[in-house]
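Trainee: Contents of final.txt (compact mmCIF, C-alpha atoms):
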```
# COMPACT_ATOMS: atom_id res chain seq x y z
CA MET A 1 -49.01 -66.37 27.66
CA THR A 2 -51.77 -65.01 25.42
CA LEU A 3 -53.05 -61.43 25.51
CA TRP A 4 -56.55 -62.62 26.35
CA GLU A 5 -55.26 -64.63 29.32
CA GLY A 6 -53.39 -61.56 30.59
CA VAL A 7 -56.53 -59.42 30.26
CA THR A 8 -58.58 -62.04 32.13
CA ILE A 9 -56.10 -62.16 35.01
CA ALA A 10 -55.99 -58.36 35.11
CA TRP A 11 -59.78 -58.18 35.26
CA GLU A 12 -59.97 -60.66 38.12
CA ALA A 13 -57.34 -58.68 40.03
CA MET A 14 -59.28 -55.43 39.57
CA MET A 15 -62.54 -57.04 40.66
CA ALA A 16 -60.82 -58.16 43.84
CA ASN A 17 -59.85 -54.52 44.58
CA LYS A 18 -62.64 -52.45 43.03
CA LEU A 19 -62.18 -49.22 44.97
CA ARG A 20 -58.45 -49.09 44.43
CA ALA A 21 -58.77 -49.87 40.74
CA GLY A 22 -61.64 -47.41 40.32
CA LEU A 23 -59.65 -44.52 41.76
CA THR A 24 -56.73 -45.30 39.46
CA ILE A 25 -59.03 -45.46 36.43
CA LEU A 26 -60.62 -42.15 37.45
CA GLY A 27 -57.21 -40.45 37.70
CA VAL A 28 -56.31 -41.46 34.16
CA GLY A 29 -59.83 -40.66 32.92
CA ILE A 30 -59.72 -37.06 34.16
CA GLY A 31 -56.51 -36.36 32.25
CA VAL A 32 -57.90 -37.92 29.06
CA SER A 33 -61.25 -36.11 29.34
CA VAL A 34 -59.49 -32.73 29.55
CA VAL A 35 -57.57 -33.43 26.33
CA VAL A 36 -60.70 -34.61 24.50
CA THR A 37 -62.89 -31.73 25.73
CA ILE A 38 -60.37 -29.04 24.79
CA ALA A 39 -59.99 -30.62 21.33
CA ALA A 40 -63.79 -30.63 20.92
CA LEU A 41 -64.04 -26.96 21.90
CA ILE A 42 -61.28 -25.88 19.53
CA THR A 43 -62.80 -27.89 16.68
CA GLY A 44 -66.22 -26.34 17.32
CA ILE A 45 -64.92 -22.78 17.48
CA ARG A 46 -62.91 -23.26 14.30
CA SER A 47 -65.92 -24.65 12.44
CA SER A 48 -67.99 -21.64 13.58
CA ILE A 49 -65.37 -19.23 12.26
CA ALA A 50 -65.08 -21.14 8.98
CA GLU A 51 -68.88 -21.11 8.53
CA ALA A 52 -68.99 -17.37 9.19
CA PHE A 53 -66.39 -16.73 6.49
CA GLU A 54 -68.12 -19.14 4.11
CA SER A 55 -71.53 -17.50 4.56
CA SER A 56 -70.14 -14.00 3.97
CA GLY A 57 -68.40 -15.18 0.80
CA PRO A 58 -65.32 -17.40 0.53
CA ASP A 59 -63.78 -15.12 -2.13
CA ASN A 60 -64.33 -11.90 -0.19
CA PHE A 61 -61.35 -10.13 1.30
CA ILE A 62 -60.81 -7.14 3.56
CA VAL A 63 -58.65 -4.06 3.07
CA VAL A 64 -57.14 -3.05 6.42
CA ARG A 65 -54.69 -0.45 7.63
CA PHE A 66 -52.30 -3.21 8.71
CA ASP A 67 -52.33 -7.00 8.94
CA PRO A 68 -53.05 -7.91 12.60
CA THR A 69 -51.90 -11.50 12.01
CA ALA A 70 -48.39 -10.25 11.18
CA VAL A 71 -48.01 -7.99 14.22
CA GLN A 72 -45.23 -9.14 16.54
CA LEU A 73 -44.93 -7.99 20.13
CA VAL A 74 -41.30 -6.96 20.42
CA ASN A 75 -39.51 -4.36 22.49
CA MET A 76 -38.81 -1.48 20.13
CA GLY A 77 -37.82 1.03 22.80
CA ASP A 78 -39.08 4.49 21.96
CA ASN A 79 -39.63 3.61 18.29
CA ARG A 80 -43.15 3.01 17.03
CA PRO A 81 -44.00 -0.06 14.92
CA PRO A 82 -43.57 0.32 11.13
CA TRP A 83 -47.31 0.38 10.48
CA TRP A 84 -48.00 3.15 13.04
CA GLY A 85 -47.68 5.97 10.52
CA ARG A 86 -49.91 4.40 7.88
CA PRO A 87 -52.85 6.56 6.81
CA VAL A 88 -56.35 5.47 7.75
CA LEU A 89 -58.70 4.10 5.12
CA GLU A 90 -61.04 6.76 3.75
CA PRO A 91 -64.62 6.36 2.45
CA GLU A 92 -63.47 7.82 -0.88
CA GLU A 93 -61.11 4.88 -1.29
CA ALA A 94 -64.03 2.49 -0.84
CA GLU A 95 -65.90 4.40 -3.57
CA ARG A 96 -62.91 4.10 -5.91
CA ILE A 97 -62.72 0.36 -5.25
CA LEU A 98 -66.46 0.02 -5.92
CA ASP A 99 -65.94 1.49 -9.41
CA LEU A 100 -63.38 -1.20 -10.36
CA PRO A 101 -64.58 -3.60 -13.09
CA GLY A 102 -63.92 -6.74 -11.03
CA VAL A 103 -65.63 -5.53 -7.84
CA ASP A 104 -69.29 -6.18 -7.08
CA GLU A 105 -69.38 -4.42 -3.68
CA ALA A 106 -67.05 -2.44 -1.43
CA LEU A 107 -68.42 -1.84 2.06
CA TYR A 108 -66.81 0.74 4.31
CA ALA A 109 -66.89 -0.34 7.98
CA MET A 110 -65.77 0.94 11.38
CA ASN A 111 -66.40 0.01 15.02
CA LEU A 112 -67.38 2.17 17.99
CA SER A 113 -68.71 1.70 21.52
CA VAL A 114 -71.87 3.58 22.52
CA GLY A 115 -74.56 3.66 25.19
CA ALA A 116 -78.30 3.57 24.42
CA ASP A 117 -81.09 5.44 26.29
CA PHE A 118 -84.86 5.22 25.90
CA GLU A 119 -87.35 6.63 28.42
CA GLY A 120 -85.07 6.06 31.42
CA THR A 121 -83.77 2.66 30.32
CA ARG A 122 -80.05 2.76 29.67
CA ILE A 123 -77.87 0.01 28.22
CA GLN A 124 -74.12 0.42 28.42
CA GLU A 125 -71.50 -1.03 26.10
CA VAL A 126 -73.55 -1.35 22.93
CA LEU A 127 -71.41 -2.49 20.01
CA GLY A 128 -71.78 0.15 17.32
CA ARG A 129 -70.83 -0.24 13.68
CA GLY A 130 -70.70 2.29 10.92
CA LEU A 131 -71.38 0.60 7.58
CA SER A 132 -72.22 1.21 3.96
CA ALA A 133 -75.67 0.39 2.61
CA GLY A 134 -76.15 -3.22 1.57
CA TRP A 135 -74.39 -4.78 4.55
CA PRO A 136 -77.23 -7.30 5.34
CA ALA A 137 -76.35 -9.28 2.20
CA TYR A 138 -72.97 -10.14 3.72
CA THR A 139 -74.00 -10.62 7.36
CA GLN A 140 -75.42 -13.78 8.93
CA GLY A 141 -78.99 -13.11 10.03
CA ASP A 142 -82.32 -11.62 8.94
CA MET A 143 -84.03 -8.23 9.01
CA ILE A 144 -87.13 -9.10 11.08
CA ALA A 145 -88.65 -5.62 11.14
CA GLY A 146 -88.23 -2.47 9.10
CA ARG A 147 -85.44 -2.10 6.56
CA ASP A 148 -81.80 -1.26 5.94
CA PHE A 149 -80.69 2.29 5.16
CA THR A 150 -80.24 3.27 1.50
CA ARG A 151 -77.23 4.70 -0.32
CA THR A 152 -79.00 8.08 -0.43
CA GLU A 153 -79.45 8.06 3.35
CA VAL A 154 -75.82 7.13 3.79
CA GLY A 155 -74.77 10.00 1.54
CA GLN A 156 -76.92 12.43 3.53
CA GLY A 157 -75.67 11.16 6.91
CA ARG A 158 -79.18 10.82 8.33
CA PRO A 159 -79.64 10.03 12.07
CA ILE A 160 -81.06 6.54 11.57
CA VAL A 161 -80.09 3.18 13.02
CA VAL A 162 -80.71 -0.56 12.71
CA ILE A 163 -80.61 -2.34 16.08
CA SER A 164 -80.30 -5.95 17.19
CA GLU A 165 -83.35 -7.94 18.25
CA GLN A 166 -82.09 -8.25 21.83
CA LEU A 167 -81.44 -4.51 22.11
CA ALA A 168 -84.96 -3.85 20.83
CA LEU A 169 -86.45 -6.21 23.42
CA ASP A 170 -84.48 -4.72 26.30
CA LEU A 171 -85.35 -1.13 25.36
CA PHE A 172 -88.92 -1.43 24.05
CA GLY A 173 -90.24 -4.74 25.35
CA GLN A 174 -93.11 -5.91 23.18
CA ARG A 175 -93.63 -2.49 21.56
CA ASP A 176 -92.81 -1.98 17.90
CA PRO A 177 -89.35 -0.34 17.82
CA VAL A 178 -89.52 0.88 14.22
CA GLY A 179 -89.99 4.64 14.12
CA ARG A 180 -89.05 5.21 17.77
CA THR A 181 -86.13 7.38 18.85
CA ILE A 182 -83.09 6.18 20.84
CA ARG A 183 -80.48 8.50 22.29
CA PHE A 184 -77.00 7.12 21.67
CA SER A 185 -74.02 8.55 23.49
CA SER A 186 -70.27 8.17 23.30
CA PRO A 187 -68.78 9.37 26.60
CA ARG A 188 -65.25 9.17 25.23
CA ARG A 189 -66.22 11.54 22.44
CA GLY A 190 -68.54 13.67 24.56
CA VAL A 191 -71.53 13.37 22.21
CA ARG A 192 -75.22 12.49 22.66
CA GLU A 193 -77.47 12.24 19.63
CA ASP A 194 -81.01 11.03 18.87
CA PHE A 195 -81.48 8.34 16.20
CA ARG A 196 -84.64 6.98 14.63
CA VAL A 197 -84.92 3.19 14.47
CA ILE A 198 -85.64 2.01 10.92
CA GLY A 199 -84.94 -1.70 11.28
CA VAL A 200 -84.40 -4.65 13.65
CA PHE A 201 -81.84 -7.31 12.76
CA ARG A 202 -81.77 -10.86 14.14
CA PRO A 203 -78.25 -12.34 13.88
CA GLU A 204 -77.88 -16.00 13.13
CA ASP A 205 -77.37 -18.08 16.26
CA ASN A 206 -73.64 -18.62 16.40
CA LEU A 207 -70.64 -18.22 18.65
CA PHE A 208 -70.14 -14.53 17.85
CA ALA A 209 -73.78 -13.49 18.27
CA SER A 210 -73.77 -14.61 21.91
CA PHE A 211 -70.90 -12.24 22.71
CA ALA A 212 -72.56 -9.17 21.17
CA GLU A 213 -76.30 -9.32 21.75
CA HIS A 214 -76.61 -5.54 21.92
CA PHE A 215 -75.48 -3.86 18.72
CA ALA A 216 -76.48 -0.89 16.61
CA ILE A 217 -75.63 -0.28 12.96
CA PHE A 218 -75.39 3.28 11.67
CA PRO A 219 -74.61 4.70 8.23
CA TYR A 220 -70.84 5.23 8.37
CA THR A 221 -71.32 8.90 7.46
CA THR A 222 -73.61 9.33 10.45
CA ALA A 223 -71.15 7.57 12.76
CA LEU A 224 -68.38 9.90 11.61
CA LYS A 225 -70.39 13.13 11.77
CA ARG A 226 -72.69 12.66 14.76
CA LEU A 227 -70.85 10.15 16.98
CA LYS A 228 -67.30 11.26 16.16
CA ALA A 229 -66.27 7.69 15.35
CA SER A 230 -62.58 7.00 14.81
CA GLN A 231 -61.33 5.78 11.45
CA GLY A 232 -58.26 4.17 12.98
CA ASP A 233 -59.65 0.64 12.58
CA ALA A 234 -61.75 1.29 9.46
CA GLN A 235 -61.95 -1.54 6.94
CA ILE A 236 -63.22 -2.08 3.42
CA LEU A 237 -64.98 -5.39 2.68
CA VAL A 238 -64.43 -6.19 -0.99
CA VAL A 239 -66.81 -8.57 -2.80
CA PRO A 240 -65.50 -9.73 -6.21
CA ARG A 241 -67.87 -10.10 -9.14
CA GLU A 242 -68.99 -13.63 -9.86
CA GLY A 243 -66.76 -15.36 -12.38
CA VAL A 244 -63.83 -12.97 -11.90
CA ARG A 245 -60.60 -14.42 -10.52
CA VAL A 246 -59.90 -13.27 -6.98
CA SER A 247 -56.22 -12.70 -7.78
CA LEU A 248 -57.22 -10.28 -10.58
CA VAL A 249 -59.55 -8.35 -8.24
CA ARG A 250 -56.84 -8.14 -5.59
CA ASP A 251 -54.43 -6.70 -8.16
CA GLN A 252 -57.03 -4.13 -9.21
CA VAL A 253 -57.63 -3.08 -5.60
CA ILE A 254 -53.90 -2.80 -4.88
CA SER A 255 -53.35 -0.70 -8.01
CA SER A 256 -56.27 1.59 -7.14
CA LEU A 257 -55.09 2.20 -3.58
CA ARG A 258 -51.47 2.73 -4.59
CA SER A 259 -52.55 5.21 -7.21
CA SER A 260 -54.86 7.14 -4.86
CA ARG A 261 -52.11 7.33 -2.23
CA GLY A 262 -49.44 8.37 -4.70
CA LEU A 263 -47.08 5.49 -3.94
CA GLY A 264 -44.04 5.10 -6.17
CA PRO A 265 -42.91 1.82 -7.76
CA ARG A 266 -40.33 1.18 -5.03
CA GLU A 267 -42.51 2.20 -2.09
CA GLU A 268 -44.21 -0.47 0.02
CA ASN A 269 -47.97 -0.67 0.40
CA THR A 270 -49.42 1.43 3.21
CA PHE A 271 -52.31 -1.02 3.61
CA ASP A 272 -52.88 -4.78 3.72
CA LEU A 273 -55.34 -7.24 2.23
CA LEU A 274 -56.72 -10.03 4.39
CA ALA A 275 -58.41 -13.14 3.03
CA SER A 276 -60.51 -15.62 5.00
CA ALA A 277 -57.79 -18.25 4.69
CA GLN A 278 -55.27 -15.96 6.40
CA LEU A 279 -57.57 -15.36 9.37
CA LEU A 280 -58.23 -19.09 9.70
CA GLU A 281 -54.51 -19.77 9.58
CA PHE A 282 -53.94 -17.16 12.30
CA PHE A 283 -56.65 -18.80 14.43
CA ASP A 284 -55.05 -22.21 13.91
CA GLN A 285 -51.68 -20.88 15.05
CA PHE A 286 -53.23 -19.36 18.16
CA THR A 287 -55.20 -22.50 19.05
CA GLN A 288 -52.14 -24.71 18.53
CA VAL A 289 -50.30 -22.77 21.22
CA PHE A 290 -53.38 -22.80 23.45
CA PHE A 291 -53.87 -26.53 22.93
CA LEU A 292 -50.23 -27.28 23.75
CA ILE A 293 -50.59 -25.35 27.01
CA MET A 294 -53.79 -27.23 27.88
CA LEU A 295 -52.15 -30.50 26.90
CA ALA A 296 -49.29 -29.78 29.29
CA LEU A 297 -51.77 -29.00 32.07
CA SER A 298 -53.89 -32.07 31.37
CA SER A 299 -50.78 -34.24 31.34
CA ALA A 300 -50.64 -33.56 35.08
CA GLY A 301 -53.85 -35.59 35.34
CA LEU A 302 -52.22 -38.43 33.43
CA MET A 303 -49.20 -38.19 35.73
CA VAL A 304 -51.47 -38.52 38.75
CA GLY A 305 -53.12 -41.50 37.11
CA GLY A 306 -49.69 -42.94 36.31
CA VAL A 307 -48.59 -42.61 39.93
CA GLY A 308 -51.79 -44.40 40.87
CA VAL A 309 -50.91 -47.18 38.44
CA ILE A 310 -47.50 -47.60 40.08
CA GLY A 311 -49.09 -47.65 43.52
CA ILE A 312 -51.80 -50.17 42.74
CA MET A 313 -49.45 -52.42 40.78
CA LEU A 314 -46.81 -52.44 43.55
CA ILE A 315 -49.51 -53.35 46.05
CA SER A 316 -50.81 -55.97 43.64
CA VAL A 317 -47.34 -57.47 43.26
CA THR A 318 -46.89 -57.58 47.04
CA GLU A 319 -50.28 -59.18 47.63
CA ARG A 320 -49.75 -61.77 44.90
CA THR A 321 -46.19 -62.75 45.74
CA ARG A 322 -47.19 -66.33 46.50
CA GLU A 323 -49.13 -66.53 43.21
CA ILE A 324 -46.03 -65.34 41.34
CA GLY A 325 -43.96 -68.01 43.11
CA VAL A 326 -46.43 -70.74 42.12
CA ARG A 327 -46.45 -69.60 38.49
CA LYS A 328 -42.66 -69.58 38.37
CA ALA A 329 -42.48 -73.02 40.04
CA LEU A 330 -44.79 -74.34 37.33
CA GLY A 331 -42.48 -73.02 34.60
CA ALA A 332 -43.51 -69.40 33.96
CA THR A 333 -40.58 -67.36 32.64
CA ARG A 334 -39.57 -63.86 33.68
CA ARG A 335 -40.86 -62.57 30.36
CA GLU A 336 -44.29 -64.08 30.97
CA ILE A 337 -44.53 -62.59 34.46
CA LEU A 338 -43.39 -59.23 33.10
CA TRP A 339 -45.99 -59.46 30.33
CA GLN A 340 -48.75 -60.36 32.80
CA PHE A 341 -48.28 -57.25 34.94
CA LEU A 342 -47.69 -54.96 31.96
CA VAL A 343 -51.00 -56.15 30.49
CA GLU A 344 -52.68 -55.49 33.84
CA ALA A 345 -51.28 -51.93 33.94
CA GLY A 346 -52.33 -51.45 30.32
CA VAL A 347 -55.88 -52.61 31.05
CA LEU A 348 -56.12 -50.12 33.94
CA THR A 349 -55.02 -47.19 31.82
CA MET A 350 -57.10 -48.19 28.80
CA LEU A 351 -60.18 -48.40 31.01
CA GLY A 352 -59.20 -44.96 32.26
CA ALA A 353 -58.95 -43.77 28.67
CA GLY A 354 -62.38 -45.18 27.88
CA THR A 355 -63.83 -43.46 30.93
CA GLY A 356 -62.15 -40.20 29.90
CA LEU A 357 -63.53 -40.47 26.35
CA LEU A 358 -67.06 -41.01 27.65
CA LEU A 359 -66.72 -38.09 30.06
CA GLY A 360 -65.23 -35.87 27.34
CA ALA A 361 -68.02 -36.84 24.93
CA ALA A 362 -70.64 -35.98 27.57
CA LEU A 363 -69.03 -32.58 28.22
CA ALA A 364 -68.79 -31.86 24.48
CA TYR A 365 -72.48 -32.76 24.08
CA LEU A 366 -73.46 -30.42 26.92
CA VAL A 367 -71.41 -27.59 25.41
CA ALA A 368 -73.02 -28.13 21.99
CA GLU A 369 -76.52 -28.19 23.51
CA LEU A 370 -76.19 -25.32 25.98
CA THR A 371 -73.92 -22.92 24.05
CA PRO A 372 -73.57 -21.76 20.42
CA ILE A 373 -70.26 -23.65 20.13
CA PRO A 374 -70.79 -26.77 17.93
CA ALA A 375 -68.30 -28.81 19.97
CA ARG A 376 -67.47 -32.21 18.53
CA ILE A 377 -64.69 -34.66 19.25
CA PRO A 378 -62.21 -35.05 16.36
CA LEU A 379 -60.92 -38.54 15.60
CA TRP A 380 -57.31 -37.48 16.11
CA SER A 381 -58.03 -36.59 19.74
CA VAL A 382 -59.46 -40.07 20.34
CA ALA A 383 -56.33 -41.64 18.89
CA ALA A 384 -54.12 -39.28 20.91
CA ALA A 385 -55.98 -40.08 24.13
CA LEU A 386 -55.72 -43.82 23.62
CA ALA A 387 -52.03 -43.58 22.72
CA ALA A 388 -51.32 -41.41 25.77
CA ALA A 389 -53.13 -43.86 28.03
CA ALA A 390 -51.30 -46.84 26.59
CA PHE A 391 -47.96 -45.03 26.96
CA THR A 392 -48.82 -44.15 30.57
CA GLY A 393 -49.64 -47.78 31.34
CA MET A 394 -46.40 -49.08 29.82
CA VAL A 395 -44.14 -46.44 31.43
CA PHE A 396 -45.66 -46.50 34.92
CA GLY A 397 -46.31 -50.23 34.89
CA ILE A 398 -42.79 -51.30 34.00
CA LEU A 399 -41.36 -50.88 37.52
CA PRO A 400 -43.90 -53.12 39.29
CA ALA A 401 -43.75 -55.61 36.42
CA GLN A 402 -39.94 -55.85 36.65
CA ARG A 403 -40.15 -56.30 40.42
CA ALA A 404 -42.54 -59.20 39.93
CA ALA A 405 -40.44 -60.74 37.14
CA ARG A 406 -37.23 -60.68 39.22
CA MET A 407 -38.69 -62.57 42.22
CA GLU A 408 -37.04 -65.85 43.08
CA PRO A 409 -39.55 -68.71 43.19
CA VAL A 410 -38.38 -70.08 46.57
CA GLU A 411 -38.55 -66.67 48.26
CA ALA A 412 -41.94 -65.98 46.68
CA LEU A 413 -43.41 -69.29 47.87
CA ARG A 414 -42.40 -68.49 51.45
CA ALA A 415 -44.55 -65.36 51.47
CA GLU A 416 -47.76 -65.42 53.45
```
Kindly return the structure encoded in the file as structure tokens.

Mentor:
Amino acid sequence: MTLWEGVTIAWEAMMANKLRAGLTILGVGIGVSVVVTIAALITGIRSSIAEAFESSGPDNFIVVRFDPTAVQLVNMGDNRPPWWGRPVLEPEEAERILDLPGVDEALYAMNLSVGADFEGTRIQEVLGRGLSAGWPAYTQGDMIAGRDFTRTEVGQGRPIVVISEQLALDLFGQRDPVGRTIRFSSPRRGVREDFRVIGVFRPEDNLFASFAEHFAIFPYTTALKRLKASQGDAQILVVPREGVRVSLVRDQVISSLRSSRGLGPREENTFDLLASAQLLEFFDQFTQVFFLIMLALSSAGLMVGGVGVIGIMLISVTERTREIGVRKALGATRREILWQFLVEAGVLTMLGAGTGLLLGAALAYLVAELTPIPARIPLWSVAAALAAAAFTGMVFGILPAQRAARMEPVEALRAE
């Protein structure tokens, strides 16, 4: 019995029971669409992160107090983690790194949460950042009004700020924000200070911009002095000079920090260096676990579809008992009958896989059009979906197929 003949018989059987076959195909399709959609989302998020690192400089690296990708959540009792006692990064250390021969830029950075007030309009939870001058060169987006603060202004700790385009619109409407005064407050620190707007920044449309539409960027000296910002999560973004090996620059930075902190030859570093590749690897590890969890959940959909395959095939075998008897009386072997019903189960699940792929592709397209996530379906997920559907058809179709193959011709011909 040829494959094409088996497919033809399977198609005729499905056309005779369209509703039953359609529900079975839908059950398999839902499970496949979940797998494909999740894969498209993860691929899109990863590409956004990779593009962000690429635009800020593939050779750049960050000096941090400790490596967050190496932190393990373990029960240590009353003991604090080893990195707890590490000193915070100081602005003077960023200045020392900037003077190194292999370094083009060393930006000191810290995060803080503030509220913004202007003439009775208040916006809570504004993402604040304290930065060195020159940060726009390493940030995705454009300065659409005004300017960045200078190194002199940073050194003087002036009360100036660069705000996001959305924050400017929500506070000032269509009025020119440059030169106006915003009162920023930090309730946790108990401070309220007035800042003059000197610039408006429009971030590039990406995944991260949608999560932080309201942000304000201060000179780091101003954030420390006027907003009492914490240096606990301070970082130093290091930009190597063009043509200098990154490994050489990393060695220079490590030597500078060890020297400034008075570390002996046998003492471990009290800081860590993070490269873009490390952060991408950490993201991949996280998404692998997340994808496995989603795969386990979506497999429930395939299980439901598989149960539907068993149900429809058992009914099909019962309804076509006389047909099976005729085929066996005319010389069809058990293997041919088994093959016929396995092909029919396979056709059902493959149609379900095709439906799931189309549904997943439509969902991925909607996500890419309506959100900043550039969701796209990777080829491996298509192959995985088709393989899973084929496996489901073979596993859940074997029982009905064996039942049909074991029928005795005389008994089958007696069936009404």

Trainee: Please report, as JSON lines, each residue of region 8-41 of chain A lying at most 12 Å from region 309-313 of chain A, together with the nearest pair of atoms and the separation in Å rounded to one decimal; use all atoms listed in the file, and order rows by chain and ascending residue number.

Mentor:
```
{"residue": "A:Ala10", "atom": "CA", "partner": "A:Met313", "partner_atom": "CA", "distance": 10.5}
{"residue": "A:Ala13", "atom": "CA", "partner": "A:Met313", "partner_atom": "CA", "distance": 10.1}
{"residue": "A:Met14", "atom": "CA", "partner": "A:Ile312", "partner_atom": "CA", "distance": 9.7}
{"residue": "A:Asn17", "atom": "CA", "partner": "A:Ile312", "partner_atom": "CA", "distance": 9.3}
{"residue": "A:Lys18", "atom": "CA", "partner": "A:Ile312", "partner_atom": "CA", "distance": 11.1}
{"residue": "A:Leu19", "atom": "CA", "partner": "A:Ile312", "partner_atom": "CA", "distance": 10.7}
{"residue": "A:Arg20", "atom": "CA", "partner": "A:Ile312", "partner_atom": "CA", "distance": 6.9}
{"residue": "A:Ala21", "atom": "CA", "partner": "A:Ile312", "partner_atom": "CA", "distance": 7.3}
{"residue": "A:Gly22", "atom": "CA", "partner": "A:Ile312", "partner_atom": "CA", "distance": 10.5}
{"residue": "A:Leu23", "atom": "CA", "partner": "A:Val309", "partner_atom": "CA", "distance": 9.7}
{"residue": "A:Thr24", "atom": "CA", "partner": "A:Val309", "partner_atom": "CA", "distance": 6.2}
{"residue": "A:Ile25", "atom": "CA", "partner": "A:Val309", "partner_atom": "CA", "distance": 8.5}
{"residue": "A:Leu26", "atom": "CA", "partner": "A:Val309", "partner_atom": "CA", "distance": 11.0}
{"residue": "A:Gly27", "atom": "CA", "partner": "A:Val309", "partner_atom": "CA", "distance": 9.2}
{"residue": "A:Val28", "atom": "CA", "partner": "A:Val309", "partner_atom": "CA", "distance": 9.0}
```

Trainee: How many Å lie between CA of Val200 (chain A) and CA of Ile163 (chain A), rounded to one decimal?

Mentor: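 Pair CA of Val200 (chain A) / CA of Ile163 (chain A) returns 5.1 Å.
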
Trainee: Would you please work out which residue, of A:Arg196, A:Arg183, A:Arg376, A:Arg129, is nearest to Ser48 (chain A) when using only C-alpha atoms?

Mentor: A:Arg376

Trainee: Could you please determine the separation between CA of Asp148 (chain A) and CA of Leu279 (chain A) in Å, to one decimal place?

Mentor: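 Taking CA of Asp148 (chain A) and CA of Leu279 (chain A), their separation equals 28.2 Å.
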
Trainee: Nearest residue to Ser113 (chain A) out of A:Asn60, A:Ser185, A:Ser47, A:Ser259, using only C-alpha atoms?

Mentor: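 Counting only C-alpha atoms, the residue closest to Ser113 (chain A) is A:Ser185.
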
Trainee: Could you please give me, as a CSV table (one decimal) with C-alpha atoms, in the frame of the given file, the residues of protein, DNA or RNA lying at most 10 Å from (-54.7, -6.6, 5.4) in the coordinate frame of the file, considering only C-alpha atoms?

Mentor:
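Output saved as part_26.csv:
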```csv
chain,number,residue,atom,x,y,z
A,61,PHE,CA,-61.4,-10.1,1.3
A,62,ILE,CA,-60.8,-7.1,3.6
A,63,VAL,CA,-58.6,-4.1,3.1
A,64,VAL,CA,-57.1,-3.0,6.4
A,65,ARG,CA,-54.7,-0.4,7.6
A,66,PHE,CA,-52.3,-3.2,8.7
A,67,ASP,CA,-52.3,-7.0,8.9
A,68,PRO,CA,-53.0,-7.9,12.6
A,69,THR,CA,-51.9,-11.5,12.0
A,70,ALA,CA,-48.4,-10.2,11.2
A,235,GLN,CA,-62.0,-1.5,6.9
A,236,ILE,CA,-63.2,-2.1,3.4
A,270,THR,CA,-49.4,1.4,3.2
A,271,PHE,CA,-52.3,-1.0,3.6
A,272,ASP,CA,-52.9,-4.8,3.7
A,273,LEU,CA,-55.3,-7.2,2.2
A,274,LEU,CA,-56.7,-10.0,4.4
A,275,ALA,CA,-58.4,-13.1,3.0
A,278,GLN,CA,-55.3,-16.0,6.4
```

Trainee: Which of these residues is nearest to Gly102 (chain A), using only C-alpha atoms: A:Val238, A:Pro400, A:Ile337, A:Val317?

Mentor: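 Under the stated criterion, the closest residue is A:Val238.
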
Trainee: Pick out the residues sitting within 9 Å of Ala388 (chain A), and hand them over as a list in words; count all atoms listed in the file, and ignore anything fewer than 4 positions along from it in its own chain.

Mentor: Val32, Leu302, Ala353, Ala383, Ala384, Thr392 and Gly393 of chain A

Trainee: Can you tell me which residues surround Gly397 (chain A) at a distance of at most 12 Å, considering all atoms listed in the file, apart from same-chain residues fewer than 5 positions away, and format the answer as a PyMOL selection string?

Mentor: chain A and resi 305-314+316-317+338-349+389-392+402-404
